[in-house]
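model-v7.pdb, holding PDB, C-alpha atoms, pLDDT in the B column:
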```pdb
ATOM      1  CA  MET A1286       0.000   0.000   0.000  1.00 65.00           C
ATOM      2  CA  SER A1287       2.594   2.533   1.127  1.00 88.00           C
ATOM      3  CA  GLU A1288       5.680   2.882   3.265  1.00 95.00           C
ATOM      4  CA  TYR A1289       3.393   4.505   5.853  1.00 98.00           C
ATOM      5  CA  ALA A1290       1.148   1.464   6.352  1.00 98.00           C
ATOM      6  CA  VAL A1291       1.962  -2.082   7.376  1.00 98.00           C
ATOM      7  CA  ASP A1292       1.699  -4.619   4.579  1.00 97.00           C
ATOM      8  CA  LEU A1293      -1.505  -6.290   5.783  1.00 97.00           C
ATOM      9  CA  PRO A1294      -5.054  -5.877   4.487  1.00 97.00           C
ATOM     10  CA  TYR A1295      -7.706  -4.139   6.535  1.00 98.00           C
ATOM     11  CA  PRO A1296     -10.405  -6.561   7.725  1.00 97.00           C
ATOM     12  CA  ASN A1297     -13.717  -6.611   5.870  1.00 97.00           C
ATOM     13  CA  ILE A1298     -16.353  -4.646   7.793  1.00 97.00           C
ATOM     14  CA  ASN A1299     -19.327  -5.303   5.524  1.00 95.00           C
ATOM     15  CA  HIS A1300     -20.931  -7.881   7.831  1.00 95.00           C
ATOM     16  CA  LEU A1301     -21.256  -5.789  10.970  1.00 95.00           C
ATOM     17  CA  ASP A1302     -24.593  -5.994  12.776  1.00 94.00           C
ATOM     18  CA  ARG A1303     -26.201  -2.856  14.141  1.00 96.00           C
ATOM     19  CA  ASN A1304     -24.967  -2.003  17.615  1.00 97.00           C
ATOM     20  CA  ASN A1305     -25.479   1.587  18.726  1.00 95.00           C
ATOM     21  CA  LYS A1306     -23.336   1.128  21.836  1.00 96.00           C
ATOM     22  CA  TYR A1307     -20.298   0.143  19.779  1.00 97.00           C
ATOM     23  CA  GLY A1308     -21.062   2.756  17.123  1.00 97.00           C
ATOM     24  CA  GLU A1309     -21.191   5.501  19.745  1.00 95.00           C
ATOM     25  CA  MET A1310     -17.922   4.251  21.207  1.00 95.00           C
ATOM     26  CA  ILE A1311     -16.235   4.418  17.781  1.00 97.00           C
ATOM     27  CA  LEU A1312     -17.428   8.028  17.401  1.00 96.00           C
ATOM     28  CA  SER A1313     -14.694   9.020  19.856  1.00 94.00           C
ATOM     29  CA  ASP A1314     -12.153   7.658  17.349  1.00 96.00           C
ATOM     30  CA  ILE A1315     -13.680   9.822  14.623  1.00 97.00           C
ATOM     31  CA  GLY A1316     -14.288  13.154  16.331  1.00 94.00           C
ATOM     32  CA  GLY A1317     -13.278  12.888  19.963  1.00 92.00           C
ATOM     33  CA  LEU A1318     -10.515  14.585  21.891  1.00 89.00           C
ATOM     34  CA  HIS A1319      -7.917  11.963  20.827  1.00 91.00           C
ATOM     35  CA  SER A1320      -9.348  11.066  17.437  1.00 95.00           C
ATOM     36  CA  LYS A1321      -8.171  10.362  13.920  1.00 97.00           C
ATOM     37  CA  MET A1322      -9.537  13.802  12.990  1.00 97.00           C
ATOM     38  CA  ASN A1323      -7.160  15.387  15.494  1.00 95.00           C
ATOM     39  CA  LEU A1324      -4.254  13.539  13.937  1.00 97.00           C
ATOM     40  CA  ILE A1325      -5.398  14.432  10.419  1.00 97.00           C
ATOM     41  CA  SER A1326      -5.514  18.114  11.304  1.00 96.00           C
ATOM     42  CA  LEU A1327      -2.042  17.969  12.871  1.00 96.00           C
ATOM     43  CA  TYR A1328      -0.451  16.099   9.968  1.00 97.00           C
ATOM     44  CA  PHE A1329      -2.112  18.461   7.491  1.00 97.00           C
ATOM     45  CA  TYR A1330      -1.021  21.567   9.397  1.00 96.00           C
ATOM     46  CA  ASN A1331       2.538  20.319   9.823  1.00 96.00           C
ATOM     47  CA  SER A1332       2.809  19.348   6.147  1.00 96.00           C
ATOM     48  CA  ILE A1333       2.070  22.997   5.354  1.00 95.00           C
ATOM     49  CA  ILE A1334       4.216  24.803   7.913  1.00 95.00           C
ATOM     50  CA  PHE A1335       7.209  22.511   7.374  1.00 96.00           C
ATOM     51  CA  LYS A1336       6.929  22.605   3.569  1.00 95.00           C
ATOM     52  CA  ASP A1337      10.520  23.927   3.328  1.00 95.00           C
ATOM     53  CA  ASN A1338      11.691  20.694   4.959  1.00 95.00           C
ATOM     54  CA  HIS A1339      10.930  18.374   2.056  1.00 94.00           C
ATOM     55  CA  GLU A1340      11.610  15.124   3.944  1.00 95.00           C
ATOM     56  CA  LEU A1341       9.428  16.037   6.913  1.00 96.00           C
ATOM     57  CA  SER A1342       6.663  17.404   4.714  1.00 96.00           C
ATOM     58  CA  GLN A1343       6.642  14.146   2.730  1.00 96.00           C
ATOM     59  CA  ILE A1344       6.424  12.119   5.939  1.00 97.00           C
ATOM     60  CA  MET A1345       3.517  14.247   7.169  1.00 97.00           C
ATOM     61  CA  GLU A1346       1.678  13.921   3.852  1.00 97.00           C
ATOM     62  CA  GLY A1347       2.312  10.169   3.644  1.00 98.00           C
ATOM     63  CA  ILE A1348       0.996   9.498   7.122  1.00 98.00           C
ATOM     64  CA  LEU A1349      -1.910  11.893   6.521  1.00 98.00           C
ATOM     65  CA  LYS A1350      -3.110   9.685   3.655  1.00 98.00           C
ATOM     66  CA  ILE A1351      -3.208   6.660   5.952  1.00 98.00           C
ATOM     67  CA  LYS A1352      -5.078   8.611   8.640  1.00 98.00           C
ATOM     68  CA  LEU A1353      -7.688   9.565   6.049  1.00 98.00           C
ATOM     69  CA  ILE A1354      -8.126   5.873   5.220  1.00 98.00           C
ATOM     70  CA  HIS A1355      -8.558   5.131   8.931  1.00 98.00           C
ATOM     71  CA  LEU A1356     -11.118   7.922   9.315  1.00 98.00           C
ATOM     72  CA  LYS A1357     -13.097   6.637   6.348  1.00 98.00           C
ATOM     73  CA  ILE A1358     -13.105   3.060   7.666  1.00 98.00           C
ATOM     74  CA  LEU A1359     -14.122   4.159  11.171  1.00 98.00           C
ATOM     75  CA  SER A1360     -16.895   6.305   9.712  1.00 98.00           C
ATOM     76  CA  GLN A1361     -18.138   3.416   7.568  1.00 98.00           C
ATOM     77  CA  MET A1362     -18.076   1.106  10.597  1.00 98.00           C
ATOM     78  CA  THR A1363     -20.023   3.613  12.669  1.00 97.00           C
ATOM     79  CA  PHE A1364     -22.610   3.954   9.932  1.00 98.00           C
ATOM     80  CA  LEU A1365     -22.951   0.166   9.604  1.00 98.00           C
ATOM     81  CA  LEU A1366     -23.378  -0.030  13.369  1.00 98.00           C
ATOM     82  CA  GLY A1367     -26.355   2.346  13.035  1.00 97.00           C
ATOM     83  CA  VAL A1368     -24.825   5.618  14.240  1.00 96.00           C
ATOM     84  CA  ASP A1369     -24.465   8.879  12.300  1.00 96.00           C
ATOM     85  CA  PRO A1370     -20.717   9.202  11.519  1.00 95.00           C
ATOM     86  CA  ARG A1371     -20.378  12.967  11.798  1.00 93.00           C
ATOM     87  CA  LEU A1372     -17.243  14.517  13.244  1.00 94.00           C
ATOM     88  CA  TRP A1373     -18.595  14.370  16.739  1.00 93.00           C
ATOM     89  CA  ASN A1374     -18.448  12.456  19.963  1.00 91.00           C
ATOM     90  CA  ILE A1375     -20.900  11.679  22.729  1.00 90.00           C
ATOM     91  CA  GLN A1376     -20.115  13.196  26.129  1.00 84.00           C
ATOM     92  CA  ASN A1377     -22.646  12.703  28.947  1.00 85.00           C
ATOM     93  CA  ASP A1378     -25.377  11.712  26.461  1.00 85.00           C
ATOM     94  CA  THR A1379     -24.761  14.892  24.439  1.00 90.00           C
ATOM     95  CA  PHE A1380     -23.260  15.089  20.966  1.00 90.00           C
ATOM     96  CA  GLU A1381     -20.210  17.354  20.840  1.00 92.00           C
ATOM     97  CA  TYR A1382     -18.738  18.285  17.467  1.00 94.00           C
ATOM     98  CA  TRP A1383     -15.031  17.888  16.821  1.00 94.00           C
ATOM     99  CA  SER A1384     -13.057  21.108  17.078  1.00 93.00           C
ATOM    100  CA  PRO A1385      -9.588  22.084  15.856  1.00 91.00           C
ATOM    101  CA  GLY A1386      -9.285  23.633  19.302  1.00 90.00           C
ATOM    102  CA  TYR A1387      -8.717  20.107  20.638  1.00 91.00           C
ATOM    103  CA  ASN A1388      -5.155  20.364  19.308  1.00 92.00           C
ATOM    104  CA  ILE A1389      -2.122  22.385  20.134  1.00 91.00           C
ATOM    105  CA  TYR A1390      -0.070  23.476  17.146  1.00 92.00           C
ATOM    106  CA  PRO A1391       3.624  23.876  17.989  1.00 93.00           C
ATOM    107  CA  LYS A1392       5.685  25.519  15.254  1.00 91.00           C
ATOM    108  CA  HIS A1393       9.091  24.209  16.270  1.00 94.00           C
ATOM    109  CA  ILE A1394       9.912  20.941  14.509  1.00 95.00           C
ATOM    110  CA  HIS A1395      10.954  19.027  17.652  1.00 94.00           C
ATOM    111  CA  SER A1396       7.880  20.125  19.597  1.00 96.00           C
ATOM    112  CA  ALA A1397       5.542  19.459  16.683  1.00 96.00           C
ATOM    113  CA  ILE A1398       6.821  15.919  16.189  1.00 97.00           C
ATOM    114  CA  GLU A1399       6.807  15.168  19.908  1.00 97.00           C
ATOM    115  CA  ASN A1400       3.234  16.479  20.050  1.00 96.00           C
ATOM    116  CA  ILE A1401       2.128  14.190  17.223  1.00 97.00           C
ATOM    117  CA  ILE A1402       3.862  11.203  18.820  1.00 97.00           C
ATOM    118  CA  LEU A1403       2.000  11.925  22.063  1.00 97.00           C
ATOM    119  CA  GLN A1404      -1.296  12.181  20.175  1.00 96.00           C
ATOM    120  CA  GLU A1405      -0.580   8.914  18.340  1.00 97.00           C
ATOM    121  CA  GLU A1406       0.201   7.187  21.640  1.00 97.00           C
ATOM    122  CA  ASN A1407      -3.009   8.542  23.217  1.00 96.00           C
ATOM    123  CA  ASN A1408      -4.979   7.275  20.222  1.00 96.00           C
ATOM    124  CA  ILE A1409      -3.324   3.841  20.446  1.00 97.00           C
ATOM    125  CA  SER A1410      -4.176   3.619  24.169  1.00 97.00           C
ATOM    126  CA  ILE A1411      -7.811   4.418  23.460  1.00 96.00           C
ATOM    127  CA  LEU A1412      -7.970   1.797  20.709  1.00 98.00           C
ATOM    128  CA  TYR A1413      -6.505  -0.842  23.066  1.00 98.00           C
ATOM    129  CA  HIS A1414      -9.066   0.139  25.704  1.00 97.00           C
ATOM    130  CA  GLN A1415     -11.872  -0.245  23.164  1.00 97.00           C
ATOM    131  CA  ILE A1416     -10.568  -3.634  22.051  1.00 98.00           C
ATOM    132  CA  ASN A1417     -10.851  -4.809  25.672  1.00 97.00           C
ATOM    133  CA  ILE A1418     -14.486  -3.670  25.843  1.00 97.00           C
ATOM    134  CA  ILE A1419     -15.806  -4.480  22.371  1.00 97.00           C
ATOM    135  CA  LYS A1420     -16.765  -8.118  21.933  1.00 95.00           C
ATOM    136  CA  GLU A1421     -17.335  -7.877  18.159  1.00 97.00           C
ATOM    137  CA  PRO A1422     -14.354  -9.564  16.419  1.00 97.00           C
ATOM    138  CA  ILE A1423     -14.712  -7.548  13.194  1.00 97.00           C
ATOM    139  CA  ILE A1424     -14.377  -4.266  15.084  1.00 98.00           C
ATOM    140  CA  SER A1425     -11.601  -5.551  17.362  1.00 98.00           C
ATOM    141  CA  ASN A1426      -9.622  -6.866  14.404  1.00 98.00           C
ATOM    142  CA  MET A1427      -9.979  -3.567  12.568  1.00 98.00           C
ATOM    143  CA  LEU A1428      -8.810  -1.590  15.591  1.00 98.00           C
ATOM    144  CA  LYS A1429      -5.842  -3.946  16.012  1.00 98.00           C
ATOM    145  CA  ARG A1430      -4.967  -3.450  12.338  1.00 98.00           C
ATOM    146  CA  MET A1431      -5.121   0.341  12.704  1.00 98.00           C
ATOM    147  CA  ILE A1432      -2.896   0.157  15.778  1.00 98.00           C
ATOM    148  CA  LEU A1433      -0.217  -1.486  13.636  1.00 98.00           C
ATOM    149  CA  ASP A1434      -0.236   1.508  11.292  1.00 98.00           C
ATOM    150  CA  ASP A1435      -0.261   3.914  14.225  1.00 98.00           C
ATOM    151  CA  GLN A1436       2.717   2.173  15.821  1.00 98.00           C
ATOM    152  CA  LEU A1437       4.553   2.401  12.501  1.00 98.00           C
ATOM    153  CA  HIS A1438       3.837   6.139  12.425  1.00 98.00           C
ATOM    154  CA  VAL A1439       5.270   6.559  15.915  1.00 98.00           C
ATOM    155  CA  GLU A1440       8.364   4.620  14.847  1.00 98.00           C
ATOM    156  CA  ILE A1441       8.810   6.726  11.699  1.00 98.00           C
ATOM    157  CA  LEU A1442       8.527   9.954  13.694  1.00 98.00           C
ATOM    158  CA  GLN A1443      10.831   8.738  16.453  1.00 97.00           C
ATOM    159  CA  ASN A1444      13.409   7.740  13.831  1.00 96.00           C
ATOM    160  CA  TYR A1445      13.112  11.166  12.247  1.00 96.00           C
ATOM    161  CA  LEU A1446      13.682  12.835  15.621  1.00 94.00           C
ATOM    162  CA  SER A1447      16.665  10.580  16.352  1.00 92.00           C
ATOM    163  CA  HIS A1448      18.177  11.484  13.004  1.00 88.00           C
ATOM    164  CA  MET A1449      17.599  15.186  13.724  1.00 81.00           C
ATOM    165  CA  TYR A1450      19.277  14.950  17.112  1.00 73.00           C
ATOM    166  CA  LYS A1451      22.306  13.187  15.589  1.00 74.00           C
ATOM    167  CA  THR A1452      22.796  15.919  12.994  1.00 65.00           C
ATOM    168  CA  GLU A1453      22.518  18.833  15.417  1.00 58.00           C
TER     169      GLU A1453
END
```

Whole structure, structure tokens version:
Amino acid sequence: MSEYAVDLPYPNINHLDRNNKYGEMILSDIGGLHSKMNLISLYFYNSIIFKDNHELSQIMEGILKIKLIHLKILSQMTFLLGVDPRLWNIQNDTFEYWSPGYNIYPKHIHSAIENIILQEENNISILYHQINIIKEPIISNMLKRMILDDQLHVEILQNYLSHMYKTE
């Protein structure tokens, strides 16, 4: 697929049964505080502000494409589960729309990359938590597959930082 995704297919989600509880849980992955949308906005922003750094900009754009795939899959899953896949989350039985204000946007390369790594790690933790709760194998397998990509992204960014520190 790409150097920014592990070489494994994503599980087929077409046979999910309706389950509002699981669909509402997945909404947090779409438009919650530590969601794919947060990561998409950070990768997009960083690909723009670090455009003069061709290597870093390419990394940001490459990972961004994978995050968009994840967002689309999560949205499709949510829809199949019977929940409206808008960029929102449910907090205390109230729908709350995603906001770019959920993010911080450092402009220094080191801080920006460390911020994205932290966001990736938060997202991975949430996915693991959901896997422990969700008893639907299709959903669990999809989340596990996404975690593999997310872990690869953390590794790519950590390697980039290590390379930066060596050359300074």

Once the PyMOL selection byres ((chain A and resi 1291) around 9) has been applied to the shown file, what residues remain in the selection, as a PDB file with C-alpha atoms, in the frame of the given file?
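Written file, out.pdb:
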```pdb
ATOM      1  CA  MET A1286       0.000   0.000   0.000  1.00 65.00           C
ATOM      2  CA  SER A1287       2.594   2.533   1.127  1.00 88.00           C
ATOM      3  CA  GLU A1288       5.680   2.882   3.265  1.00 95.00           C
ATOM      4  CA  TYR A1289       3.393   4.505   5.853  1.00 98.00           C
ATOM      5  CA  ALA A1290       1.148   1.464   6.352  1.00 98.00           C
ATOM      6  CA  ASP A1292       1.699  -4.619   4.579  1.00 97.00           C
ATOM      7  CA  LEU A1293      -1.505  -6.290   5.783  1.00 97.00           C
ATOM      8  CA  PRO A1294      -5.054  -5.877   4.487  1.00 97.00           C
ATOM      9  CA  ARG A1430      -4.967  -3.450  12.338  1.00 98.00           C
ATOM     10  CA  LEU A1433      -0.217  -1.486  13.636  1.00 98.00           C
ATOM     11  CA  ASP A1434      -0.236   1.508  11.292  1.00 98.00           C
ATOM     12  CA  LEU A1437       4.553   2.401  12.501  1.00 98.00           C
TER      13      LEU A1437
END
```

Residue IDs satisfying the PyMOL selection byres ((chain A and resi 1443) around 12), as a list of chain:residue names: A:Ile1344, A:His1395, A:Ala1397, A:Ile1398, A:Glu1399, A:Asn1400, A:Ile1401, A:Ile1402, A:Leu1403, A:Glu1405, A:Glu1406, A:Gln1436, A:Leu1437, A:His1438, A:Val1439, A:Glu1440, A:Ile1441, A:Leu1442, A:Asn1444, A:Tyr1445, A:Leu1446, A:Ser1447, A:His1448, A:Met1449, A:Tyr1450

For A:Tyr1387, the nearest of the candidates A:Leu1324, A:Leu1365, A:Leu1301, A:Met1310, counting all atoms listed in the file: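 Answer, going by the shortest atom-to-atom distance: A:Leu1324.
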
Between A:Asn1377, A:Asn1388, A:Gln1361, A:Asn1338, which one has atoms that come closest to A:Met1322, using only C-alpha atoms? A:Asn1388

Would you place a box with edges along x, y and z of the file around all atoms of stretch 1369-1379 of chain A listed there, add 6 Å to each of its six sides, and report the centre and edge lengths in Å to one decimal, as lines of an AutoDock Vina configuration file?
```
center_x = -21.3
center_y = 11.9
center_z = 20.2
size_x = 20.1
size_y = 18.0
size_z = 29.4
```

Could you work out how far atom CA of A:Ile1389 lies from atom CA of A:Leu1318, giving the answer in Å with one decimal?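 One can read the atom CA of A:Leu1318 to atom CA of A:Ile1389 distance as 11.6 Å.
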
Just the residues within 12 Å of A:Asn1299, please, counting all atoms listed in the file, with nothing from its chain fewer than 6 positions along; format it as an NGL selection string. :A and (1358 or 1361-1366 or 1423-1424 or 1427)

Just give me the residues with any atom within 12 Å of (-7.1, -3.8, 23.3), file coordinates, counting only C-alpha atoms, written as an mmCIF file with C-alpha atoms, in the coordinates of the input.
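And here's result-v3.cif as it stands now:
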```
data_model
loop_
_atom_site.group_PDB
_atom_site.id
_atom_site.type_symbol
_atom_site.label_atom_id
_atom_site.label_comp_id
_atom_site.auth_asym_id
_atom_site.auth_seq_id
_atom_site.Cartn_x
_atom_site.Cartn_y
_atom_site.Cartn_z
ATOM 1 C CA ASN A 1408 -4.979 7.275 20.222
ATOM 2 C CA ILE A 1409 -3.324 3.841 20.446
ATOM 3 C CA SER A 1410 -4.176 3.619 24.169
ATOM 4 C CA ILE A 1411 -7.811 4.418 23.460
ATOM 5 C CA LEU A 1412 -7.970 1.797 20.709
ATOM 6 C CA TYR A 1413 -6.505 -0.842 23.066
ATOM 7 C CA HIS A 1414 -9.066 0.139 25.704
ATOM 8 C CA GLN A 1415 -11.872 -0.245 23.164
ATOM 9 C CA ILE A 1416 -10.568 -3.634 22.051
ATOM 10 C CA ASN A 1417 -10.851 -4.809 25.672
ATOM 11 C CA ILE A 1418 -14.486 -3.670 25.843
ATOM 12 C CA ILE A 1419 -15.806 -4.480 22.371
ATOM 13 C CA LYS A 1420 -16.765 -8.118 21.933
ATOM 14 C CA PRO A 1422 -14.354 -9.564 16.419
ATOM 15 C CA ILE A 1424 -14.377 -4.266 15.084
ATOM 16 C CA SER A 1425 -11.601 -5.551 17.362
ATOM 17 C CA ASN A 1426 -9.622 -6.866 14.404
ATOM 18 C CA MET A 1427 -9.979 -3.567 12.568
ATOM 19 C CA LEU A 1428 -8.810 -1.590 15.591
ATOM 20 C CA LYS A 1429 -5.842 -3.946 16.012
ATOM 21 C CA ARG A 1430 -4.967 -3.450 12.338
ATOM 22 C CA MET A 1431 -5.121 0.341 12.704
ATOM 23 C CA ILE A 1432 -2.896 0.157 15.778
#
```

Please enumerate the residues selected by the PyMOL selection byres ((chain A and resi 1370-1373) around 7) when evaluated against the supplied file, formatted as number ranges by chain. A: 1312, 1315-1317, 1360, 1363-1364, 1368-1369, 1374-1375, 1380-1383

Find the residue from A:His1319, A:His1393, A:Asn1305, A:Lys1451 that sits nearest to A:Asn1331; use all atoms listed in the file when measuring. A:His1393

Hey, can you check how far atom CA of A:His1339 sits from atom CA of A:Ile1394? 12.8 Å
